[in-house]
Amino acid sequence: MDFELSEEQQLLKDMVGRFMQDRYDFEKRKKYMAEPGGFSEEIWAAYAEQGLLAVPFAEEDGGIGGGPVDLMIVMEEMGKALALEPYLSTVVIGGSILRTTATPAQRSALAEEIIGGACKLAFAHSEPKARYELAHVETKAAKSGDGYTLDGAKTLVMYGGVADKLIVSARVSGATTDEAGVGLFLVDPKADGVAIRDYPTQDGLRAAEVTLTGAAAELLGDTPDSMAAIRQASDEAIAALCAEAAGALGKSLDLTVQYIKDREQFGRAIGSFQGLQFQASEMFVELELARSMMMYGAMASRDADPVERSRAVSAAKVQLGRSAKQLGEKSIQLHGGVGMTMEYSIGHYFKRLSIIDRTFGDTDHHLAQLDAVGGMAA
Amino acid sequence: MDFELSEEQQLLKDMVGRFMQDRYDFEKRKKYMAEPGGFSEEIWAAYAEQGLLAVPFAEEDGGIGGGPVDLMIVMEEMGKALALEPYLSTVVIGGSILRTTATPAQRSALAEEIIGGACKLAFAHSEPKARYELAHVETKAAKSGDGYTLDGAKTLVMYGGVADKLIVSARVSGATTDEAGVGLFLVDPKADGVAIRDYPTQDGLRAAEVTLTGAAAELLGDTPDSMAAIRQASDEAIAALCAEAAGALGKSLDLTVQYIKDREQFGRAIGSFQGLQFQASEMFVELELARSMMMYGAMASRDADPVERSRAVSAAKVQLGRSAKQLGEKSIQLHGGVGMTMEYSIGHYFKRLSIIDRTFGDTDHHLAQLDAVGGMAA
Amino acid sequence: MDLEFTAEEKAFRDEVRTFIRENLPEGTRTRMKEGRGTSKQDMVDWMKILADKGWSAPRWPKEYGGPGWNAIQQYIFTEEIQLNHAPDPQGFNISMVGPVIYTFGNDAQKKKFLPSILDCSVWWCQGFSEPGAGSDLASLKTKAVREGDEYVVNGQKTWTTYAQHADWIFCLVRTNPDAPKKQMGISYLLIDMKTPGITVRPIQTIDGGVEVNEVFFDNVRVPVENLVGEENKGWDYAKFLLGNERIGIARVGASKAKLRRVKELAASVPQGEGSLMDDPRFRAKVWETEVELKALEMTQLRVLSDIAIRGGKKPHPASSVLKLKGSEIQQSITHLLMDVVGPYAIPRSMGVEGSNEPSVGPDWADAIAPGYFNYRKVSIYGGSSEVQKGIIAKAILGL
Amino acid sequence: MDLEFTAEEKAFRDEVRTFIRENLPEGTRTRMKEGRGTSKQDMVDWMKILADKGWSAPRWPKEYGGPGWNAIQQYIFTEEIQLNHAPDPQGFNISMVGPVIYTFGNDAQKKKFLPSILDCSVWWCQGFSEPGAGSDLASLKTKAVREGDEYVVNGQKTWTTYAQHADWIFCLVRTNPDAPKKQMGISYLLIDMKTPGITVRPIQTIDGGVEVNEVFFDNVRVPVENLVGEENKGWDYAKFLLGNERIGIARVGASKAKLRRVKELAASVPQGEGSLMDDPRFRAKVWETEVELKALEMTQLRVLSDIAIRGGKKPHPASSVLKLKGSEIQQSITHLLMDVVGPYAIPRSMGVEGSNEPSVGPDWADAIAPGYFNYRKVSIYGGSSEVQKGIIAKAILGL
């Protein structure tokens with residue numbers, strides 16, 4: 001039992017923290033958001049240079065062989081800065097799927113491109129009627145020569161509009177919510193039969209609707225039967241989102257505490273009023289519980305037993321959702337009017353936190369997941 | 001639309017308020033509790049003298065023809081004093097059942113006795129396996145000559161040990177939870193075949209287990225089919241309990257505010273700390289919501305439509321339960337250590353409130369009742 | 001005690017309801033129902049319709065163009081407006097500046113301003129808040145210095161709702177910086193927004209829209225005839241305003257309409273074999289909110305009953321609950337809507353300039369997250385929840 | 001980072017678990033499980049069993065009779081104690097007075113007191129709190145005036161847990177009333193409860209039991225050799241104690257055991273066709289509590305990991321969460337139990353003197369309501385939740 005970062009992990013944390021501090025303040029972020037893809041290509045290149053895009057990939061594929069705690073570290077620091085780039089889809093989800101599903105040849109080829117910064121991925125999995133059900137896949141894949149062709153519609157594909165490659169789930173057999181018969185495919189977003197509608201999201205990121213009409217696709221791995229891999233990738237994504245949320249929560253508390261220290265009313269700092277101090281303390285409690293569950297989720301997110309893994313990850317998502325609501329809402333309240341404006345950063349944190357809560361299943365969904373497995377079984 | 005008390009109601013309120021203040025302070029209450037029946041026979045006689053036992057009975061039966069608001073007024077004042085006497089079972093429930101079920105002859109005979117203070121009633125309805133389901137009646141009634149004999153077990157009969165007459169529900173036909181086939185019977189607690197185990201309750205009141213073994217009984221009314229009357233009586237009892245709870249909540253807040261005004265720590269009244277002030281304000285909000293729903297429940301408790309009536313009464317019980325928990329727990333917290341002792345009155349209020357929440361259905365039960373009728377249908 | 005309205009009150013309610021249903025433009029109704037807010041034109045059109053009926057100012061006495069309704073009629077009107085997805089009458093005109101002018105203004109002012117206030121052909125905004133003042137409104141710094149027949153105004157206001165729509169602004173300005181208390185020395189000025197020296201800077205809020213603005217005054221010359229009442233007495237007039245809005249503040253009707261919508265939408269969202277409304281845990285959250293809303297409604301009616309009988313001279317203690325709990329409930333409902341919309345909270349299509357693409361997800365989905373963000377304000381503006389708790393602690397509990 | 005215990009740690013856990021299961025008397029286990037509290041004899045017997053094994057003082061160093069465990073072993077031991085319904089080692093002996101004596105006491109005191117502290121053959125209680133002091137502990141008034149070789153003690157202590165069981169009391173007393181700060185001038189005295197002039201008055205608590213007492217000192221003569229450390233330095237020794245109990249305070253193991261019981265009992269309570277555990281709304285409440293408890297456990301492990309590595313010299317910021325959130329969770333669980341027991345919360349049979357009637361309702365039911373009432377104390381005693389929030393605001397957030 002050990003909650004300490006290793007020396008390498010501490011170095012990684014310091015490095016990412018410094019990098020984000022130097023390159024990603026609130027004003028710079030606004031500029032990145034205004035760039036064509038909704039993020040900074042320059043920063044993406046710098047991530048590559050710093051080795052951040054190599055974290056989860058195996059050393060044999062040119063990666064640094066990091067585990068979920070390393071990704072947690074990176075995501076937490078990115079959460080503090082509200083980083084915009086498609087790190088989650090490319091590195092976390094992409095890394096997971098390459099590891100679990102791709103053939104060795106696919107893996108080493110893609111890993112090289114990703115690590116070098118030349119390839120951004122989007123994970124085109126959710127479908128309009130799926131809500132949060134992972135196994136709801138209506139998109140069809142049909143064998144066609146060496147490859148496949150796909151037909152269907154994918155929704156809320158994070159950074160689907162800027163990805164160099166799409167990882168698309170599609171069904172070769174079975175009914176809409178069957179576990180069996182779902183494959184993962186690589187699709188060139190510029191290929192014929194791929195239509196992409198790019199749009200902004202509430203938190204200032206980007207997403208896309210992807211429509212596939214006989215689009216050419218390459219199967220990832222050898223068999224189109226990847227629901228287990230999709231569940232694994234989803235759990236890793238959730239753990240990473242929890243870390244991002246914890247980072248955003250930490251920064252939200254810092255900003256709020258600083259604000260109530262500086263802001264004077266009736267001739268004194270409003271942070272000297274006990275009623276506000278108690279609220280700030282309650283925020284701190286939520287933050288520490290969130291951090292604890294971030295770690296728990298990360299450590300469990302590669303557990304070999306899928307039931308235990310999902311149980312832990314769902315619990316983490318529930319806690320982060322709860323903390324995000326409690327701490328986030330208080331952070332706006334304590335800022336008062338300025339918290340309502342786009343000119344202060346706190347509102348941007350609140351919005352990102354609110355959207356993370358709706359990504360890969362909201363609090364109620366993950367409580368239902370826990371219910372299905374009999375709770376925490378403590 | 002009018003939330004004002006009539007002149008008579010205001011007089012009633014003042015009268016009961018004054019009476020309780022004079023005769024029912026915390027020290028006196030301890031003495032009453034130590035009397036054999038767990039309440040004061042002298043106070044009961046005084047209630048009779050003041051006309052309080054006559055409130056709901058028709059004028060033709062010697063009563064004063066009061067409605068649910070009058071009972072609400074009395075119960076709220078009794079709640080402020082934590083009155084011990086079996087007013088709920090005798091006057092509120094008894095009054096309801098006599099009105100809805102008894103024959104004119106039974107009604108006028110019993111009303112006279114009750115009003116004069118000579119007859120206390122207990123309502124022996126709940127059964128060990130019923131939890132909060134009103135229609136769960138296993139006790140059997142069999143015709144026997146002019147009357148009936150009863151066999152079964154009743155639980156948690158409030159003041160069953162001191163009652164002069166028991167009103168017992170028993171089934172003449174049908175399965176355990178059928179609506180049809182349940183009659184209400186008068187039973188002499190001293191009759192053969194009636195065994196009573198009297199015990200104290202957590203809030204300092206008394207209750208009893210009643211076992212019936214071929215006990216002689218007189219049918220109330222003409223037909224043994226009184227589930228509708230039982231539901232009506234239960235709704236009136238709930239409305240009255242809500243009023244009692246609102247009274248106890250009001251007094252709890254008063255005691256707490258006074259305590260934090262008087263109590264000094266670190267050289268100042270603890271009530272001057274904003275963190276405590278905010279908690280007291282939140283208690284006030286809970287109190288006002290509780291009072292509002294007390295009125296709503298009372299006004300609706302005689303509604304002719306049983307669905308609308310129960311909907312309103314369940315909503316009132318939910319709000320009172322919620323307020324009791326929030327306000328009650330804070331009242332102990334703000335008192336600190338002394339709130340934990342039997343020597344201060346606040347703990348007695350907290351306990352009574354906690355027990356009221358479990359009487360005639362707890363908060364979860366009444367939420368389920370609302371669920372069954374599609375919520376408030378607002 | 002009686003929960004029922006009288007037969008006349010019911011008839012009045014039906015009349016109001018019918019009028020709204022028959023006269024509210026469909027586009028406005030839909031935008032209100034879906035929480036998309038209304039345009040300036042929506043409001044102006046609706047105010048014209050109400051004014052033609054004589055209903056645009058429900059609390060005004062007859063002599064100034066109001067309908068002369070009693071407290072219960074006012075309440076019924078407000079409730080029906082909100083239940084039927086109609087906009088409340090433009091508040092700055094009707095609840096704020098109008099009553100101040102007819103109570104404290106001179107005859108010339110009444111004659112000049114009241115008619116166009118009533119039908120909203122002139123749009124007013126409020127210049128009270130200043131940067132850094134927050135809940136401490138009286139610490140305002142905008143100065144007005146008398147020069148001959150004019151005041152010269154310099155300073156800055158903020159949180160000015162719909163300043164971008166406004167033709168006129170009513171302002172609190174400091175006319176005597178040396179007054180012994182900061183509440184003294186404040187005057188109440190009416191200023192034409194077209195006067196040179198006024199600049200409006202929109203503030204984008206976290207819902208993505210622009211409701212509020214900063215308003216800058218740079219040597220703005222205001223004729224002295226635009227002073228309301230006496231110089232340096234403006235704080236009293238403002239306080240009169242602040243106490244003027246108690247019942248409506250709970251927004252029970254609006255919350256009822258929104259909760260209804262929660263249930264309607266949840267029934268349309270598939271979950272498992274059925275819909276989200278088949279989920280007993282979700283339903284329980286809805287019923288709990290409904291009970292709280294009923295408790296708030298009853299509290300509001302208690303206060304109303306008190307006003308109807310005693311004229312509201314002394315505020316009923318329960319009235320202090322209305323804003324605090326009303327805000328909490330409004331916010332809970334916007335969170336329930338987030339639970340309903342689920343992943344389709346994510347896309348932002350509403351308010352994206354130049355976008356005429358269809359909404360991502362169901363039609364109604366794109367207004368939900370902005371609504372949740374926007375409603376954070378209700379516990380901040382108009383006396384924050386902290387201020388409300390302080391008032392209860394001090395004024396009611398005597399702490 | 002690694003959630004798993006090492007193989008040695010797991011072996012240790014198994015050893016502890018087996019020992020407890022094999023040696024804890026069945027009656028004690030049942031009373032603990034059902035929340036009925038333990039008698040003095042239960043505790044004394046159990047302490048003897050632990051002491052014989054050398055485990056009665058998990059945190060003590062070997063030289064004073066402790067097992068010399070590291071922080072992780074101490075944690076595992078505590079967790080297993082609580083999970084298996086065993087009483088925690090008698091706290092006043094083991095966590096409070098023992099460490100003060102072996103840290104600040106002289107050799108004679110160590111020799112005289114430590115052995116009987118370890119096996120609880122002498123029962124100690126704590127005389128810190130005084131009437132009216134509350135969270136302001138240092139304002140204590142009980143005086144000790146030196147007369148020759150004795151202190152003469154006069155005053156009153158309150159909230160003295162199990163004073164009725166105690167053979168000795170460790171007290172904070174004021175020896176210098178003229179000290180410049182109230183924290184100065186306090187001394188730490190050990191007093192035999194049989195000394196003439198001591199009176200114990202039980203305080204009945206709202207759960208109906210007697211856990212706490214008032215202790216009166218009327219010219220109680222205490223030999224000076226019973227002074228621990230230096231005169232007027234007692235506050236430092238007390239503070240050392242107060243910082244000494246951080247991990248256990250969250251009571252995660254106890255809450256886990258209790259939540260397990262919630263599920264077990266709910267499955268035995270009929271509702272509709274099935275049991276209360278078939279109610280999805282009830283289950284959701286249980287899962288929410290389980291998640292919070294897991295979050296608390298992880299927080300506790302983070303603090304523990306920090307202590308294991310850095311020796312706990314500087315408290316980990318997250319440690320301040322443990323008491324606050326731990327209390328909240330313990331209280332939620334007692335409320336869940338109230339939801340489980342339902343109407344059978346009402347009868348009072350436990351603790352009614354002279355009663356040997358069977359319990360009304362299920363066997364386990366009569367301890368539920370007293371448990372709910374009793375647990376109100378956990379957010380009051382030992383640094384109330386308000387005090388904890390103040391500490392976080394000031395010491396951690398710098399407000």
# chains A, B, ... in the order shown; residues from 1 in each chain; ligands from 1
$ interface_residues --of "chain B" --to "chain D" --cutoff "8 Å" --atoms "only C-alpha atoms" --output "MDAnalysis selection string"
chainID B and resid 128:129 131:132 156 199:203 207 263:266 275 329 332:333 336:337 340:343 347:348 351 355 358:359 361:362 364
$ write_last_selection --atoms "C-alpha atoms" --output "compact mmCIF listing (two decimals), in the first residue's frame"
# COMPACT_ATOMS: atom_id res chain seq x y z
CA PRO B 128 -46.03 -6.90 13.41
CA LYS B 129 -45.53 -7.67 9.72
CA ARG B 131 -44.49 -2.08 8.53
CA TYR B 132 -46.37 0.98 7.20
CA LEU B 156 -47.06 -0.26 18.65
CA TYR B 199 -43.74 -0.22 27.42
CA PRO B 200 -42.07 3.17 27.09
CA THR B 201 -41.11 4.59 23.72
CA GLN B 202 -37.90 6.36 22.74
CA ASP B 203 -39.49 9.78 23.04
CA ALA B 207 -47.14 2.16 23.69
CA ARG B 263 -23.63 30.76 25.42
CA GLU B 264 -20.23 32.41 25.35
CA GLN B 265 -17.02 30.96 24.04
CA PHE B 266 -13.71 32.58 23.23
CA GLY B 275 -21.10 30.14 10.60
CA GLU B 329 -30.00 17.50 13.90
CA ILE B 332 -28.44 19.30 18.77
CA GLN B 333 -25.27 20.28 16.94
CA GLY B 336 -23.08 21.01 21.53
CA GLY B 337 -22.50 18.64 24.42
CA MET B 340 -26.71 15.31 24.10
CA THR B 341 -28.02 15.20 27.66
CA MET B 342 -31.42 14.38 29.03
CA GLU B 343 -31.02 17.38 31.34
CA GLY B 347 -32.76 16.43 23.15
CA HIS B 348 -36.31 15.53 24.13
CA LYS B 351 -36.25 12.44 20.00
CA ILE B 355 -40.14 9.21 16.40
CA ARG B 358 -41.43 6.90 12.00
CA THR B 359 -45.11 7.07 12.95
CA GLY B 361 -45.13 6.07 7.64
CA ASP B 362 -41.66 7.56 7.36
CA ASP B 364 -39.39 7.18 2.30
$ interface_residues --of "chain A" --to "chain B" --cutoff "12 Å" --atoms "only C-alpha atoms" --output "short mmCIF file (atom, residue, chain, number, x, y, z; two decimals) with C-alpha atoms, in the first residue's frame"
data_model
loop_
_atom_site.label_atom_id
_atom_site.label_comp_id
_atom_site.auth_asym_id
_atom_site.auth_seq_id
_atom_site.Cartn_x
_atom_site.Cartn_y
_atom_site.Cartn_z
CA ILE A 270 -15.05 38.59 2.50
CA GLY A 271 -12.88 35.57 3.28
CA SER A 272 -12.80 36.74 6.89
CA PHE A 273 -16.52 35.97 7.27
CA GLN A 274 -17.01 32.62 8.95
CA GLY A 275 -20.01 31.76 6.80
CA LEU A 276 -17.77 31.91 3.72
CA GLN A 277 -14.88 30.17 5.47
CA PHE A 278 -17.10 27.22 6.28
CA GLN A 279 -18.13 26.96 2.64
CA ALA A 280 -14.51 27.07 1.54
CA SER A 281 -13.72 24.32 4.06
#
$ select_by_dssp --residues "stretch 104-207 of chain D" --states "helix (DSSP H, G or I)" --output "NGL selection string"
:D and (104 or 107-118 or 137-139 or 163-165)
$ interface_residues --of "chain C" --to "chain D" --cutoff "12 Å" --atoms "only C-alpha atoms" --output "number ranges by chain"
C: 278-285
$ write_last_selection --atoms "N, CA, C and O atoms" --output "tab-separated table (two decimals), in the first residue's frame"
chain	number	residue	atom	x	y	z
C	278	ASP	N	-39.24	6.03	-16.08
C	278	ASP	CA	-39.46	4.71	-15.48
C	278	ASP	C	-38.42	4.37	-14.42
C	278	ASP	O	-38.50	3.33	-13.77
C	279	ASP	N	-37.46	5.26	-14.25
C	279	ASP	CA	-36.40	5.02	-13.27
C	279	ASP	C	-36.87	5.54	-11.91
C	279	ASP	O	-37.02	6.76	-11.72
C	280	PRO	N	-37.09	4.63	-10.96
C	280	PRO	CA	-37.66	5.07	-9.66
C	280	PRO	C	-36.74	6.05	-8.92
C	280	PRO	O	-37.23	6.88	-8.17
C	281	ARG	N	-35.44	5.94	-9.16
C	281	ARG	CA	-34.54	6.87	-8.46
C	281	ARG	C	-34.68	8.27	-9.03
C	281	ARG	O	-34.68	9.26	-8.31
C	282	PHE	N	-34.82	8.34	-10.35
C	282	PHE	CA	-35.04	9.66	-10.96
C	282	PHE	C	-36.37	10.24	-10.50
C	282	PHE	O	-36.45	11.41	-10.12
C	283	ARG	N	-37.40	9.40	-10.56
C	283	ARG	CA	-38.72	9.90	-10.13
C	283	ARG	C	-38.67	10.43	-8.70
C	283	ARG	O	-39.23	11.48	-8.40
C	284	ALA	N	-37.99	9.71	-7.82
C	284	ALA	CA	-37.95	10.16	-6.41
C	284	ALA	C	-37.35	11.56	-6.32
C	284	ALA	O	-37.83	12.39	-5.53
C	285	LYS	N	-36.34	11.84	-7.15
C	285	LYS	CA	-35.76	13.19	-7.12
C	285	LYS	C	-36.80	14.22	-7.56
C	285	LYS	O	-36.87	15.32	-7.00
$ residues_around --residues "stretch 114-118 of chain B" --least-positions-apart "4" --cutoff "6 Å" --atoms "only C-alpha atoms" --output "ChimeraX atom specification"
/B:45,48,53-54
$ write_last_selection --atoms "N, CA and C atoms" --output "PDB file, in the first residue's frame"
ATOM      1  N   ALA B  45     -57.845  15.732  32.756  1.00  0.00           N
ATOM      2  CA  ALA B  45     -59.094  16.291  33.288  1.00  0.00           C
ATOM      3  C   ALA B  45     -59.191  17.774  32.954  1.00  0.00           C
ATOM      4  N   ALA B  48     -60.259  18.297  29.494  1.00  0.00           N
ATOM      5  CA  ALA B  48     -61.704  18.137  29.401  1.00  0.00           C
ATOM      6  C   ALA B  48     -62.413  19.411  29.826  1.00  0.00           C
ATOM      7  N   LEU B  53     -61.053  18.291  24.679  1.00  0.00           N
ATOM      8  CA  LEU B  53     -61.398  16.941  24.251  1.00  0.00           C
ATOM      9  C   LEU B  53     -62.654  16.940  23.380  1.00  0.00           C
ATOM     10  N   ALA B  54     -63.322  18.106  23.295  1.00  0.00           N
ATOM     11  CA  ALA B  54     -64.569  18.191  22.540  1.00  0.00           C
ATOM     12  C   ALA B  54     -64.363  18.697  21.118  1.00  0.00           C
TER      13      ALA B  54
END
$ residues_around --residues "D:Val122" --least-positions-apart "2" --cutoff "8 Å" --atoms "only C-alpha atoms" --output "VMD selection string"
chain D and resid 116 to 117 119 to 120 124 166 to 168
$ write_last_selection --atoms "all heavy atoms" --output "short mmCIF file (atom, residue, chain, number, x, y, z; two decimals), in the first residue's frame"
data_model
loop_
_atom_site.label_atom_id
_atom_site.label_comp_id
_atom_site.auth_asym_id
_atom_site.auth_seq_id
_atom_site.Cartn_x
_atom_site.Cartn_y
_atom_site.Cartn_z
N SER D 116 -0.21 -1.46 34.41
CA SER D 116 -1.65 -1.58 34.64
C SER D 116 -2.45 -0.76 33.63
O SER D 116 -3.65 -0.98 33.45
CB SER D 116 -1.99 -1.14 36.07
OG SER D 116 -1.59 0.20 36.26
N ILE D 117 -1.80 0.19 32.97
CA ILE D 117 -2.46 0.88 31.85
C ILE D 117 -2.60 -0.09 30.69
O ILE D 117 -3.65 -0.18 30.04
CB ILE D 117 -1.64 2.13 31.44
CG1 ILE D 117 -1.84 3.26 32.45
CG2 ILE D 117 -2.01 2.60 30.03
CD1 ILE D 117 -0.98 4.49 32.21
N ASP D 119 -2.77 -3.42 30.48
CA ASP D 119 -3.77 -4.49 30.50
C ASP D 119 -5.10 -4.02 31.07
O ASP D 119 -6.00 -4.81 31.31
CB ASP D 119 -3.26 -5.73 31.24
CG ASP D 119 -3.10 -5.47 32.74
OD1 ASP D 119 -3.41 -4.33 33.19
OD2 ASP D 119 -2.66 -6.38 33.45
N CYS D 120 -5.18 -2.69 31.29
CA CYS D 120 -6.43 -2.09 31.74
C CYS D 120 -6.87 -2.64 33.10
O CYS D 120 -8.05 -2.58 33.44
CB CYS D 120 -7.53 -2.29 30.69
SG CYS D 120 -8.83 -1.04 30.76
N TRP D 124 -8.47 4.24 33.37
CA TRP D 124 -8.27 5.69 33.43
C TRP D 124 -9.39 6.44 32.73
O TRP D 124 -9.96 5.96 31.75
CB TRP D 124 -6.94 6.06 32.75
CG TRP D 124 -5.74 5.67 33.55
CD1 TRP D 124 -5.19 4.43 33.64
CD2 TRP D 124 -4.96 6.52 34.38
NE1 TRP D 124 -4.10 4.45 34.48
CE2 TRP D 124 -3.93 5.72 34.95
CE3 TRP D 124 -5.01 7.88 34.73
CZ2 TRP D 124 -2.97 6.25 35.83
CZ3 TRP D 124 -4.05 8.41 35.59
CH2 TRP D 124 -3.05 7.58 36.14
N ALA D 166 -13.86 4.38 36.33
CA ALA D 166 -12.43 4.70 36.39
C ALA D 166 -11.84 4.53 37.77
O ALA D 166 -12.46 4.84 38.79
CB ALA D 166 -12.19 6.11 35.89
N ASP D 167 -10.57 4.05 37.79
CA ASP D 167 -9.77 3.98 39.01
C ASP D 167 -8.93 5.24 39.17
O ASP D 167 -8.67 5.69 40.27
CB ASP D 167 -8.87 2.75 38.93
CG ASP D 167 -9.68 1.47 38.70
OD1 ASP D 167 -10.54 1.17 39.54
OD2 ASP D 167 -9.47 0.81 37.66
N TRP D 168 -8.48 5.77 38.06
CA TRP D 168 -7.67 6.99 38.07
C TRP D 168 -8.18 7.96 37.01
O TRP D 168 -8.84 7.57 36.05
CB TRP D 168 -6.19 6.66 37.76
CG TRP D 168 -5.45 6.11 38.95
CD1 TRP D 168 -5.63 4.90 39.52
CD2 TRP D 168 -4.45 6.79 39.69
NE1 TRP D 168 -4.79 4.76 40.60
CE2 TRP D 168 -4.04 5.90 40.72
CE3 TRP D 168 -3.83 8.05 39.62
CZ2 TRP D 168 -3.04 6.25 41.65
CZ3 TRP D 168 -2.85 8.38 40.53
CH2 TRP D 168 -2.46 7.49 41.55
#
$ atom_distance --atom1 "atom CA of D:Val220" --atom2 "atom CA of D:Tyr237"
22.3 Å
$ residues_around --residues "C:Glu9" --least-positions-apart "6" --cutoff "10 Å" --atoms "only C-alpha atoms" --output "ChimeraX atom specification"
/B:1 /C:15,72-73,76
$ closest_residue --among "D:Ile191, D:Met184, D:Ala367, D:Ile329" --to "D:Lys294" --atoms "only C-alpha atoms"
D:Ile329
$ select_by_dssp --residues "stretch 226-313 of chain D" --states "strand (DSSP E or B)" --output "PyMOL selection string"
chain D and resi 227-228+233+270-271+274-275
$ residues_around --residues "stretch 49-61 of chain C" --least-positions-apart "4" --cutoff "8 Å" --atoms "only C-alpha atoms" --output "ChimeraX atom specification"
/C:23,45,65-71,74,77,89,94-95,99,118-119
$ residues_around --residues "B:Asp305" --least-positions-apart "4" --cutoff "12 Å" --atoms "only C-alpha atoms" --output "list in words"
Ala228, Arg231, Gln232, Ala300, Ser301, Arg309, Ser310, Arg311 and Ala312 of chain B
$ closest_residue --among "A:Leu11, A:Val137, A:Met72, A:Val182" --to "A:Asp225" --atoms "only C-alpha atoms"
A:Val182
$ decode --residues "stretch 9-20 of chain B" --atoms "N, CA and C atoms" --output "mmCIF file, in the first residue's frame"
data_model
loop_
_atom_site.group_PDB
_atom_site.id
_atom_site.type_symbol
_atom_site.label_atom_id
_atom_site.label_comp_id
_atom_site.auth_asym_id
_atom_site.auth_seq_id
_atom_site.Cartn_x
_atom_site.Cartn_y
_atom_site.Cartn_z
ATOM 1 N N GLN B 9 -60.649 30.571 16.212
ATOM 2 C CA GLN B 9 -59.411 29.784 16.158
ATOM 3 C C GLN B 9 -58.270 30.497 16.874
ATOM 4 N N GLN B 10 -58.217 31.803 16.709
ATOM 5 C CA GLN B 10 -57.175 32.565 17.397
ATOM 6 C C GLN B 10 -57.363 32.457 18.911
ATOM 7 N N LEU B 11 -58.633 32.499 19.343
ATOM 8 C CA LEU B 11 -58.902 32.349 20.778
ATOM 9 C C LEU B 11 -58.477 30.969 21.266
ATOM 10 N N LEU B 12 -58.810 29.956 20.453
ATOM 11 C CA LEU B 12 -58.423 28.591 20.807
ATOM 12 C C LEU B 12 -56.895 28.489 20.937
ATOM 13 N N LYS B 13 -56.210 29.049 19.967
ATOM 14 C CA LYS B 13 -54.745 28.995 19.970
ATOM 15 C C LYS B 13 -54.188 29.676 21.226
ATOM 16 N N ASP B 14 -54.694 30.866 21.514
ATOM 17 C CA ASP B 14 -54.205 31.587 22.691
ATOM 18 C C ASP B 14 -54.473 30.783 23.954
ATOM 19 N N MET B 15 -55.670 30.203 23.998
ATOM 20 C CA MET B 15 -56.057 29.468 25.196
ATOM 21 C C MET B 15 -55.146 28.250 25.400
ATOM 22 N N VAL B 16 -54.997 27.452 24.359
ATOM 23 C CA VAL B 16 -54.150 26.264 24.511
ATOM 24 C C VAL B 16 -52.706 26.670 24.802
ATOM 25 N N GLY B 17 -52.237 27.690 24.081
ATOM 26 C CA GLY B 17 -50.863 28.148 24.282
ATOM 27 C C GLY B 17 -50.637 28.538 25.741
ATOM 28 N N ARG B 18 -51.568 29.312 26.266
ATOM 29 C CA ARG B 18 -51.432 29.754 27.659
ATOM 30 C C ARG B 18 -51.487 28.576 28.613
ATOM 31 N N PHE B 19 -52.423 27.695 28.355
ATOM 32 C CA PHE B 19 -52.571 26.526 29.210
ATOM 33 C C PHE B 19 -51.269 25.713 29.251
ATOM 34 N N MET B 20 -50.712 25.448 28.090
ATOM 35 C CA MET B 20 -49.500 24.629 28.048
ATOM 36 C C MET B 20 -48.341 25.352 28.733
#
